[in-house]
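Engineer: Have a look at this one before I ask anything.
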Amino acid sequence: MLEVSNVRAGYGAINVLWDVSLTVARGQLTTIIGPNGAGKTTLLRAIMGLLPVSQGEVKLNGKTLSGTPTWKMADVSLAMIPEGRMTFRDMSVEENLIMGAFPKQHRARVQENLEKSYQMFPRLSERRRQLAGSLSGGEAQMLAMARGLMADPQLLIIDEPSLGLAPVLVNELFEILARLKEGGRTIVLVEQNTHRAVAVADHVYLMQSGKVVLSQPANEVSLDHLHDLYFAR
Ligand code: ATP
């Protein structure tokens with residue numbers, strides 16, 4: 001579904017990604033792991049058109065995305081849940097969810113998708129009138145994910161959702177990711193929580209210093225080998 005070929009990108013004169021290639025198959029959960037500064041978020045930004053790609057290209061369903069403005073990404077059915085959640089703090093939980101269905105073609109299905117969100121995230125249902133700014137870290141992460149799903153994206157990209165969450169909420173989060181995968185959703189998950197990410201994934205990419213250094217089906221990944229690569233510089 002998503003094809004990234006030989007992408008180079010960076011910030012101004014500083015290049016961060018060096019010929020990065022990866023593919024994301026429909027209905028699969030693909031995880032991108034790697035140490036701090038490996039370039040994972042930069043790669044997601046390049047995919048989303050938030051950073052210009054100086055070489056290579058990004059294709060979704062065979063069509064090139066390069067040059068598509070980020071605000072149009074929802075129209076091409078791609079949603080990103082950024083690190084740090086970025087909910088609208090002064091709006092209620094429900095208003096935040098409705099904002100997720102902003103692209104025109106999704107508005108007709110707002111009610112239906114709200115009901116689906118509340119089924120998947122019952123805690124948000126209880127808190128639907130509460131201001132998003134008053135949610136706990138875990139609840140805010142659930143809200144960010146539910147909001148991303150409101151537009152029914154073909155591809156959901158999630159950046160470090162477990163960051164800063166208490167262990168019990170990390171468990172809940174990974175259960176939800178597993179359920180989304182079972183429901184056929186295509187997901188790209190960037191994570192620092194390597195063991196959990198590999199356990200839920202179908203395919204694993206490891207990034208190191210702006211390059212992909214490992215690409216393997218999750219069930220073939222050796223955690224020892226991963227550990228060695230992770231700390232090799
Ligand atoms: P983390 O897990 O810490 O978020 P990451 O793998 O997502 O790490 P990136 O955030 O993509 O890594 O950062 C990759 C490199 O790009 C780092 O060396 C970082 O310092 C640099 N970088 C990130 N954002 C900028 C920016 N806005 N301007 C200049 N350099 C940046």
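Simple scheme: letters A, B, ... for chains in structure tokens order, numbers from 1 for residues in each chain, numbers from 1 for ligands in the order shown.
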Name the residues of region 22-225 of chain A that come out as strand (DSSP E) in a backbone DSSP run; write them as a PyMOL selection string.
Structural biologist: chain A and resi 22-24+29-33+53-60+63-64+78-81+155-159+186-191+203-208+211-217
Engineer: Mind dumping the selected residues with N, CA and C atoms as a short mmCIF file (atom, residue, chain, number, x, y, z; two decimals), in the first residue's frame?
Structural biologist:
data_model
loop_
_atom_site.label_atom_id
_atom_site.label_comp_id
_atom_site.auth_asym_id
_atom_site.auth_seq_id
_atom_site.Cartn_x
_atom_site.Cartn_y
_atom_site.Cartn_z
N LEU A 22 11.21 1.42 2.17
CA LEU A 22 10.40 0.43 2.90
C LEU A 22 9.04 0.30 2.25
N THR A 23 8.40 -0.84 2.50
CA THR A 23 7.05 -1.03 1.98
C THR A 23 6.13 -1.45 3.12
N VAL A 24 4.90 -1.02 3.02
CA VAL A 24 3.89 -1.36 4.02
C VAL A 24 2.76 -2.07 3.28
N LEU A 29 0.50 -4.60 10.22
CA LEU A 29 1.07 -3.62 11.13
C LEU A 29 2.59 -3.66 10.94
N THR A 30 3.12 -2.55 10.47
CA THR A 30 4.56 -2.44 10.22
C THR A 30 5.14 -1.54 11.29
N THR A 31 6.18 -2.00 11.97
CA THR A 31 6.76 -1.14 12.99
C THR A 31 8.13 -0.65 12.55
N ILE A 32 8.42 0.60 12.90
CA ILE A 32 9.75 1.17 12.65
C ILE A 32 10.35 1.48 14.01
N ILE A 33 11.42 0.78 14.33
CA ILE A 33 12.04 0.98 15.63
C ILE A 33 13.46 1.51 15.42
N VAL A 53 11.30 16.06 0.13
CA VAL A 53 12.14 14.90 -0.15
C VAL A 53 13.12 15.32 -1.24
N SER A 54 14.42 15.24 -0.95
CA SER A 54 15.38 15.74 -1.94
C SER A 54 15.74 14.67 -2.98
N GLN A 55 15.45 13.42 -2.63
CA GLN A 55 15.70 12.32 -3.58
C GLN A 55 14.73 11.19 -3.25
N GLY A 56 14.36 10.41 -4.26
CA GLY A 56 13.49 9.27 -4.05
C GLY A 56 12.03 9.68 -4.05
N GLU A 57 11.14 8.70 -3.75
CA GLU A 57 9.71 9.06 -3.74
C GLU A 57 8.90 8.19 -2.80
N VAL A 58 7.70 8.72 -2.51
CA VAL A 58 6.76 8.03 -1.63
C VAL A 58 5.50 7.79 -2.43
N LYS A 59 5.05 6.51 -2.46
CA LYS A 59 3.83 6.21 -3.22
C LYS A 59 2.80 5.55 -2.32
N LEU A 60 1.55 5.94 -2.49
CA LEU A 60 0.44 5.29 -1.79
C LEU A 60 -0.46 4.68 -2.85
N LYS A 63 0.30 5.58 -6.40
CA LYS A 63 0.32 6.99 -6.83
C LYS A 63 1.33 7.76 -6.00
N THR A 64 2.10 8.59 -6.67
CA THR A 64 3.13 9.31 -5.93
C THR A 64 2.52 10.37 -5.02
N LEU A 78 -4.86 9.04 4.50
CA LEU A 78 -3.69 8.79 5.33
C LEU A 78 -3.82 9.67 6.58
N ALA A 79 -3.71 9.08 7.74
CA ALA A 79 -3.82 9.87 8.97
C ALA A 79 -2.60 9.63 9.83
N MET A 80 -2.08 10.71 10.43
CA MET A 80 -0.93 10.56 11.31
C MET A 80 -1.28 11.04 12.71
N ILE A 81 -0.87 10.24 13.68
CA ILE A 81 -1.04 10.64 15.08
C ILE A 81 0.34 10.99 15.59
N LEU A 155 -4.66 4.15 5.88
CA LEU A 155 -3.37 3.94 6.54
C LEU A 155 -3.26 4.87 7.74
N LEU A 156 -2.97 4.27 8.88
CA LEU A 156 -2.85 5.04 10.11
C LEU A 156 -1.38 5.01 10.54
N ILE A 157 -0.80 6.19 10.73
CA ILE A 157 0.61 6.28 11.11
C ILE A 157 0.68 6.82 12.53
N ILE A 158 1.34 6.08 13.41
CA ILE A 158 1.33 6.47 14.83
C ILE A 158 2.77 6.60 15.33
N ASP A 159 3.08 7.78 15.88
CA ASP A 159 4.45 8.06 16.33
C ASP A 159 4.57 7.93 17.84
N THR A 186 -4.54 -0.95 8.26
CA THR A 186 -3.11 -0.93 7.95
C THR A 186 -2.46 0.14 8.83
N ILE A 187 -1.40 -0.25 9.52
CA ILE A 187 -0.81 0.65 10.52
C ILE A 187 0.71 0.71 10.37
N VAL A 188 1.24 1.92 10.51
CA VAL A 188 2.69 2.09 10.66
C VAL A 188 2.90 2.61 12.08
N LEU A 189 3.70 1.88 12.84
CA LEU A 189 3.90 2.22 14.25
C LEU A 189 5.37 2.51 14.51
N VAL A 190 5.66 3.74 14.93
CA VAL A 190 7.03 4.06 15.35
C VAL A 190 7.09 3.90 16.86
N GLU A 191 8.05 3.13 17.33
CA GLU A 191 8.09 2.84 18.78
C GLU A 191 9.50 2.73 19.32
N HIS A 203 5.66 -6.85 10.38
CA HIS A 203 6.96 -6.63 9.77
C HIS A 203 7.71 -5.56 10.57
N VAL A 204 9.04 -5.73 10.65
CA VAL A 204 9.87 -4.84 11.47
C VAL A 204 10.95 -4.19 10.62
N TYR A 205 11.06 -2.87 10.75
CA TYR A 205 12.20 -2.15 10.19
C TYR A 205 12.97 -1.53 11.34
N LEU A 206 14.29 -1.68 11.31
CA LEU A 206 15.12 -1.03 12.32
C LEU A 206 15.92 0.07 11.63
N MET A 207 15.83 1.28 12.18
CA MET A 207 16.61 2.40 11.64
C MET A 207 17.76 2.74 12.56
N GLN A 208 18.83 3.16 11.95
CA GLN A 208 20.04 3.52 12.68
C GLN A 208 20.71 4.62 11.87
N LYS A 211 19.40 5.38 8.37
CA LYS A 211 19.33 4.31 7.37
C LYS A 211 18.52 3.14 7.91
N VAL A 212 17.94 2.35 6.99
CA VAL A 212 17.28 1.11 7.41
C VAL A 212 18.37 0.04 7.50
N VAL A 213 18.56 -0.54 8.69
CA VAL A 213 19.62 -1.55 8.83
C VAL A 213 19.04 -2.95 8.98
N LEU A 214 17.72 -3.06 9.12
CA LEU A 214 17.11 -4.39 9.18
C LEU A 214 15.66 -4.31 8.70
N SER A 215 15.27 -5.28 7.89
CA SER A 215 13.88 -5.39 7.42
C SER A 215 13.54 -6.87 7.49
N GLN A 216 12.60 -7.24 8.35
CA GLN A 216 12.33 -8.66 8.57
C GLN A 216 10.89 -8.88 9.00
N PRO A 217 10.30 -10.03 8.59
CA PRO A 217 8.99 -10.37 9.17
C PRO A 217 9.14 -10.50 10.69
#
Engineer: Around ligand 1, out to 12 Å and counting only C-alpha atoms and all ligand atoms, which residues are there? I want them as number ranges by chain.
Structural biologist: A: 9-18, 32-46, 50-51, 82-84, 158-163, 189-194, 206-212, 230
Engineer: Okay, now the selection with C-alpha atoms, as an mmCIF file, in the first residue's frame?
Structural biologist:
data_model
loop_
_atom_site.group_PDB
_atom_site.id
_atom_site.type_symbol
_atom_site.label_atom_id
_atom_site.label_comp_id
_atom_site.auth_asym_id
_atom_site.auth_seq_id
_atom_site.Cartn_x
_atom_site.Cartn_y
_atom_site.Cartn_z
ATOM 1 C CA ALA A 9 15.387 14.208 3.390
ATOM 2 C CA GLY A 10 16.530 16.457 6.197
ATOM 3 C CA TYR A 11 16.368 19.917 7.662
ATOM 4 C CA GLY A 12 17.837 22.637 5.452
ATOM 5 C CA ALA A 13 21.434 21.750 4.652
ATOM 6 C CA ILE A 14 21.492 18.857 7.131
ATOM 7 C CA ASN A 15 20.569 15.537 5.578
ATOM 8 C CA VAL A 16 19.029 13.001 7.999
ATOM 9 C CA LEU A 17 17.578 10.181 5.864
ATOM 10 C CA TRP A 18 19.969 8.323 3.571
ATOM 11 C CA ILE A 32 9.746 1.174 12.648
ATOM 12 C CA ILE A 33 12.042 0.981 15.631
ATOM 13 C CA GLY A 34 15.428 2.456 16.417
ATOM 14 C CA PRO A 35 17.288 4.530 18.966
ATOM 15 C CA ASN A 36 16.778 8.241 19.638
ATOM 16 C CA GLY A 37 17.784 10.348 16.682
ATOM 17 C CA ALA A 38 17.731 7.440 14.182
ATOM 18 C CA GLY A 39 15.399 9.422 11.921
ATOM 19 C CA LYS A 40 12.055 7.704 12.560
ATOM 20 C CA THR A 41 10.034 10.889 13.055
ATOM 21 C CA THR A 42 11.860 12.529 10.163
ATOM 22 C CA LEU A 43 10.792 9.618 7.948
ATOM 23 C CA LEU A 44 7.155 10.007 9.018
ATOM 24 C CA ARG A 45 7.367 13.736 8.281
ATOM 25 C CA ALA A 46 8.780 13.032 4.839
ATOM 26 C CA LEU A 50 5.866 17.928 6.123
ATOM 27 C CA LEU A 51 9.458 17.812 4.891
ATOM 28 C CA PRO A 82 1.996 12.694 16.031
ATOM 29 C CA GLU A 83 4.197 12.186 19.053
ATOM 30 C CA GLY A 84 2.901 14.378 21.860
ATOM 31 C CA ILE A 158 1.331 6.466 14.828
ATOM 32 C CA ASP A 159 4.450 8.060 16.325
ATOM 33 C CA GLU A 160 5.603 6.705 19.701
ATOM 34 C CA PRO A 161 2.181 6.260 21.316
ATOM 35 C CA SER A 162 3.540 4.588 24.459
ATOM 36 C CA LEU A 163 5.853 7.482 25.321
ATOM 37 C CA LEU A 189 3.898 2.223 14.251
ATOM 38 C CA VAL A 190 7.028 4.059 15.348
ATOM 39 C CA GLU A 191 8.090 2.836 18.775
ATOM 40 C CA GLN A 192 10.907 2.869 21.306
ATOM 41 C CA ASN A 193 9.249 -0.003 23.140
ATOM 42 C CA THR A 194 10.966 -2.571 20.951
ATOM 43 C CA LEU A 206 15.122 -1.026 12.316
ATOM 44 C CA MET A 207 16.611 2.398 11.637
ATOM 45 C CA GLN A 208 20.040 3.518 12.679
ATOM 46 C CA SER A 209 21.678 6.882 11.805
ATOM 47 C CA GLY A 210 19.139 7.709 9.094
ATOM 48 C CA LYS A 211 19.331 4.306 7.369
ATOM 49 C CA VAL A 212 17.283 1.109 7.407
ATOM 50 C CA TYR A 230 20.361 -1.356 18.131
#
Engineer: Identify which of the residues A:Tyr118, A:Asp90, A:Ser5, A:Glu126 lies closest to Ser66 (chain A), counting only C-alpha atoms when measuring atom-to-atom distances.
Structural biologist: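 Looking at the shortest contact to Ser66 (chain A), the residue is A:Ser5.
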Engineer: Among region 61-212 of chain A, which residues does DSSP mark as helix (DSSP H, G or I) when it is run on the backbone? Keep the chain and numbering as in the structure and answer as a PyMOL selection string.
Structural biologist: chain A and resi 70-72+93-100+104-120+122-126+132-134+137-149+167-182+194-200
Engineer: Please provide the set of residues having any atom within 12 Å of Phe121 (chain A), restricted to only C-alpha atoms, with same-chain residues fewer than 2 positions apart removed, written as a PDB file with N, CA and C atoms, in the first residue's frame.
Structural biologist:
ATOM      1  N   VAL A  93     -13.884  16.190  24.591  1.00  0.00           N
ATOM      2  CA  VAL A  93     -13.466  14.947  23.952  1.00  0.00           C
ATOM      3  C   VAL A  93     -14.249  14.753  22.653  1.00  0.00           C
ATOM      4  N   LEU A  97     -13.075  14.623  18.654  1.00  0.00           N
ATOM      5  CA  LEU A  97     -13.350  13.499  17.744  1.00  0.00           C
ATOM      6  C   LEU A  97     -13.994  14.002  16.456  1.00  0.00           C
ATOM      7  N   ASN A 113     -19.190   6.906  13.059  1.00  0.00           N
ATOM      8  CA  ASN A 113     -17.796   6.743  13.483  1.00  0.00           C
ATOM      9  C   ASN A 113     -17.594   7.111  14.949  1.00  0.00           C
ATOM     10  N   LEU A 114     -18.422   8.050  15.448  1.00  0.00           N
ATOM     11  CA  LEU A 114     -18.356   8.368  16.882  1.00  0.00           C
ATOM     12  C   LEU A 114     -18.729   7.142  17.700  1.00  0.00           C
ATOM     13  N   GLU A 115     -19.810   6.486  17.277  1.00  0.00           N
ATOM     14  CA  GLU A 115     -20.250   5.287  18.004  1.00  0.00           C
ATOM     15  C   GLU A 115     -19.153   4.223  17.996  1.00  0.00           C
ATOM     16  N   LYS A 116     -18.506   4.062  16.831  1.00  0.00           N
ATOM     17  CA  LYS A 116     -17.421   3.074  16.728  1.00  0.00           C
ATOM     18  C   LYS A 116     -16.279   3.443  17.675  1.00  0.00           C
ATOM     19  N   SER A 117     -15.951   4.740  17.735  1.00  0.00           N
ATOM     20  CA  SER A 117     -14.862   5.190  18.623  1.00  0.00           C
ATOM     21  C   SER A 117     -15.186   4.872  20.068  1.00  0.00           C
ATOM     22  N   TYR A 118     -16.444   5.138  20.451  1.00  0.00           N
ATOM     23  CA  TYR A 118     -16.818   4.929  21.849  1.00  0.00           C
ATOM     24  C   TYR A 118     -16.846   3.442  22.208  1.00  0.00           C
ATOM     25  N   GLN A 119     -17.124   2.617  21.203  1.00  0.00           N
ATOM     26  CA  GLN A 119     -17.063   1.162  21.465  1.00  0.00           C
ATOM     27  C   GLN A 119     -15.630   0.715  21.683  1.00  0.00           C
ATOM     28  N   ARG A 123     -13.588   4.470  27.669  1.00  0.00           N
ATOM     29  CA  ARG A 123     -13.259   5.542  28.601  1.00  0.00           C
ATOM     30  C   ARG A 123     -13.531   6.931  27.989  1.00  0.00           C
ATOM     31  N   LEU A 124     -13.385   7.013  26.682  1.00  0.00           N
ATOM     32  CA  LEU A 124     -13.670   8.292  26.023  1.00  0.00           C
ATOM     33  C   LEU A 124     -15.164   8.564  26.018  1.00  0.00           C
ATOM     34  N   SER A 125     -15.941   7.497  25.961  1.00  0.00           N
ATOM     35  CA  SER A 125     -17.384   7.665  25.986  1.00  0.00           C
ATOM     36  C   SER A 125     -17.821   8.262  27.325  1.00  0.00           C
ATOM     37  N   GLU A 126     -17.223   7.729  28.400  1.00  0.00           N
ATOM     38  CA  GLU A 126     -17.558   8.265  29.732  1.00  0.00           C
ATOM     39  C   GLU A 126     -17.177   9.734  29.847  1.00  0.00           C
ATOM     40  N   ARG A 127     -16.142  10.117  29.116  1.00  0.00           N
ATOM     41  CA  ARG A 127     -15.602  11.470  29.275  1.00  0.00           C
ATOM     42  C   ARG A 127     -15.928  12.375  28.093  1.00  0.00           C
ATOM     43  N   ARG A 128     -16.961  12.050  27.348  1.00  0.00           N
ATOM     44  CA  ARG A 128     -17.181  12.765  26.093  1.00  0.00           C
ATOM     45  C   ARG A 128     -17.398  14.273  26.253  1.00  0.00           C
ATOM     46  N   GLY A 138      -2.678   8.857  29.343  1.00  0.00           N
ATOM     47  CA  GLY A 138      -3.174   7.679  28.631  1.00  0.00           C
ATOM     48  C   GLY A 138      -4.463   7.984  27.898  1.00  0.00           C
ATOM     49  N   GLU A 139      -5.335   8.712  28.566  1.00  0.00           N
ATOM     50  CA  GLU A 139      -6.615   9.059  27.930  1.00  0.00           C
ATOM     51  C   GLU A 139      -6.381   9.969  26.720  1.00  0.00           C
ATOM     52  N   ALA A 140      -5.420  10.901  26.856  1.00  0.00           N
ATOM     53  CA  ALA A 140      -5.123  11.808  25.738  1.00  0.00           C
ATOM     54  C   ALA A 140      -4.595  11.010  24.545  1.00  0.00           C
ATOM     55  N   GLN A 141      -3.798   9.970  24.825  1.00  0.00           N
ATOM     56  CA  GLN A 141      -3.288   9.130  23.732  1.00  0.00           C
ATOM     57  C   GLN A 141      -4.433   8.380  23.056  1.00  0.00           C
ATOM     58  N   MET A 142      -5.376   7.865  23.864  1.00  0.00           N
ATOM     59  CA  MET A 142      -6.545   7.181  23.297  1.00  0.00           C
ATOM     60  C   MET A 142      -7.335   8.157  22.419  1.00  0.00           C
ATOM     61  N   LEU A 143      -7.484   9.397  22.923  1.00  0.00           N
ATOM     62  CA  LEU A 143      -8.239  10.400  22.165  1.00  0.00           C
ATOM     63  C   LEU A 143      -7.545  10.690  20.829  1.00  0.00           C
ATOM     64  N   ALA A 144      -6.229  10.828  20.876  1.00  0.00           N
ATOM     65  CA  ALA A 144      -5.501  11.113  19.626  1.00  0.00           C
ATOM     66  C   ALA A 144      -5.696   9.971  18.626  1.00  0.00           C
ATOM     67  N   MET A 145      -5.685   8.732  19.130  1.00  0.00           N
ATOM     68  CA  MET A 145      -5.875   7.600  18.215  1.00  0.00           C
ATOM     69  C   MET A 145      -7.300   7.560  17.683  1.00  0.00           C
ATOM     70  N   ALA A 146      -8.250   7.758  18.574  1.00  0.00           N
ATOM     71  CA  ALA A 146      -9.660   7.728  18.152  1.00  0.00           C
ATOM     72  C   ALA A 146      -9.925   8.842  17.146  1.00  0.00           C
ATOM     73  N   ARG A 147      -9.327  10.010  17.369  1.00  0.00           N
ATOM     74  CA  ARG A 147      -9.530  11.118  16.436  1.00  0.00           C
ATOM     75  C   ARG A 147      -8.951  10.771  15.065  1.00  0.00           C
ATOM     76  N   LEU A 149      -8.786   7.921  13.796  1.00  0.00           N
ATOM     77  CA  LEU A 149      -9.631   6.898  13.161  1.00  0.00           C
ATOM     78  C   LEU A 149     -10.955   7.457  12.662  1.00  0.00           C
ATOM     79  N   GLU A 172      -2.816  -1.526  27.706  1.00  0.00           N
ATOM     80  CA  GLU A 172      -4.107  -1.215  27.074  1.00  0.00           C
ATOM     81  C   GLU A 172      -3.893  -0.744  25.630  1.00  0.00           C
ATOM     82  N   LEU A 173      -2.878   0.112  25.470  1.00  0.00           N
ATOM     83  CA  LEU A 173      -2.579   0.653  24.153  1.00  0.00           C
ATOM     84  C   LEU A 173      -2.228  -0.461  23.154  1.00  0.00           C
ATOM     85  N   GLU A 175      -3.049  -3.569  23.348  1.00  0.00           N
ATOM     86  CA  GLU A 175      -4.254  -4.366  23.072  1.00  0.00           C
ATOM     87  C   GLU A 175      -5.099  -3.699  21.989  1.00  0.00           C
ATOM     88  N   ILE A 176      -5.208  -2.379  22.085  1.00  0.00           N
ATOM     89  CA  ILE A 176      -6.000  -1.658  21.085  1.00  0.00           C
ATOM     90  C   ILE A 176      -5.339  -1.766  19.704  1.00  0.00           C
ATOM     91  N   LEU A 177      -4.014  -1.651  19.681  1.00  0.00           N
ATOM     92  CA  LEU A 177      -3.311  -1.788  18.393  1.00  0.00           C
ATOM     93  C   LEU A 177      -3.555  -3.173  17.797  1.00  0.00           C
ATOM     94  N   ARG A 179      -6.128  -5.059  18.302  1.00  0.00           N
ATOM     95  CA  ARG A 179      -7.525  -5.130  17.840  1.00  0.00           C
ATOM     96  C   ARG A 179      -7.704  -4.410  16.508  1.00  0.00           C
ATOM     97  N   LEU A 180      -7.040  -3.250  16.372  1.00  0.00           N
ATOM     98  CA  LEU A 180      -7.134  -2.499  15.113  1.00  0.00           C
ATOM     99  C   LEU A 180      -6.569  -3.340  13.965  1.00  0.00           C
TER     100      LEU A 180
END
Engineer: Tell me, as a list of chain:residue names, which residues lie within 6 Å of Asp19 (chain A), counting only C-alpha atoms; anything in the same chain fewer than 5 positions away does not count.
Structural biologist: A:Asn6, A:Val7, A:Arg8
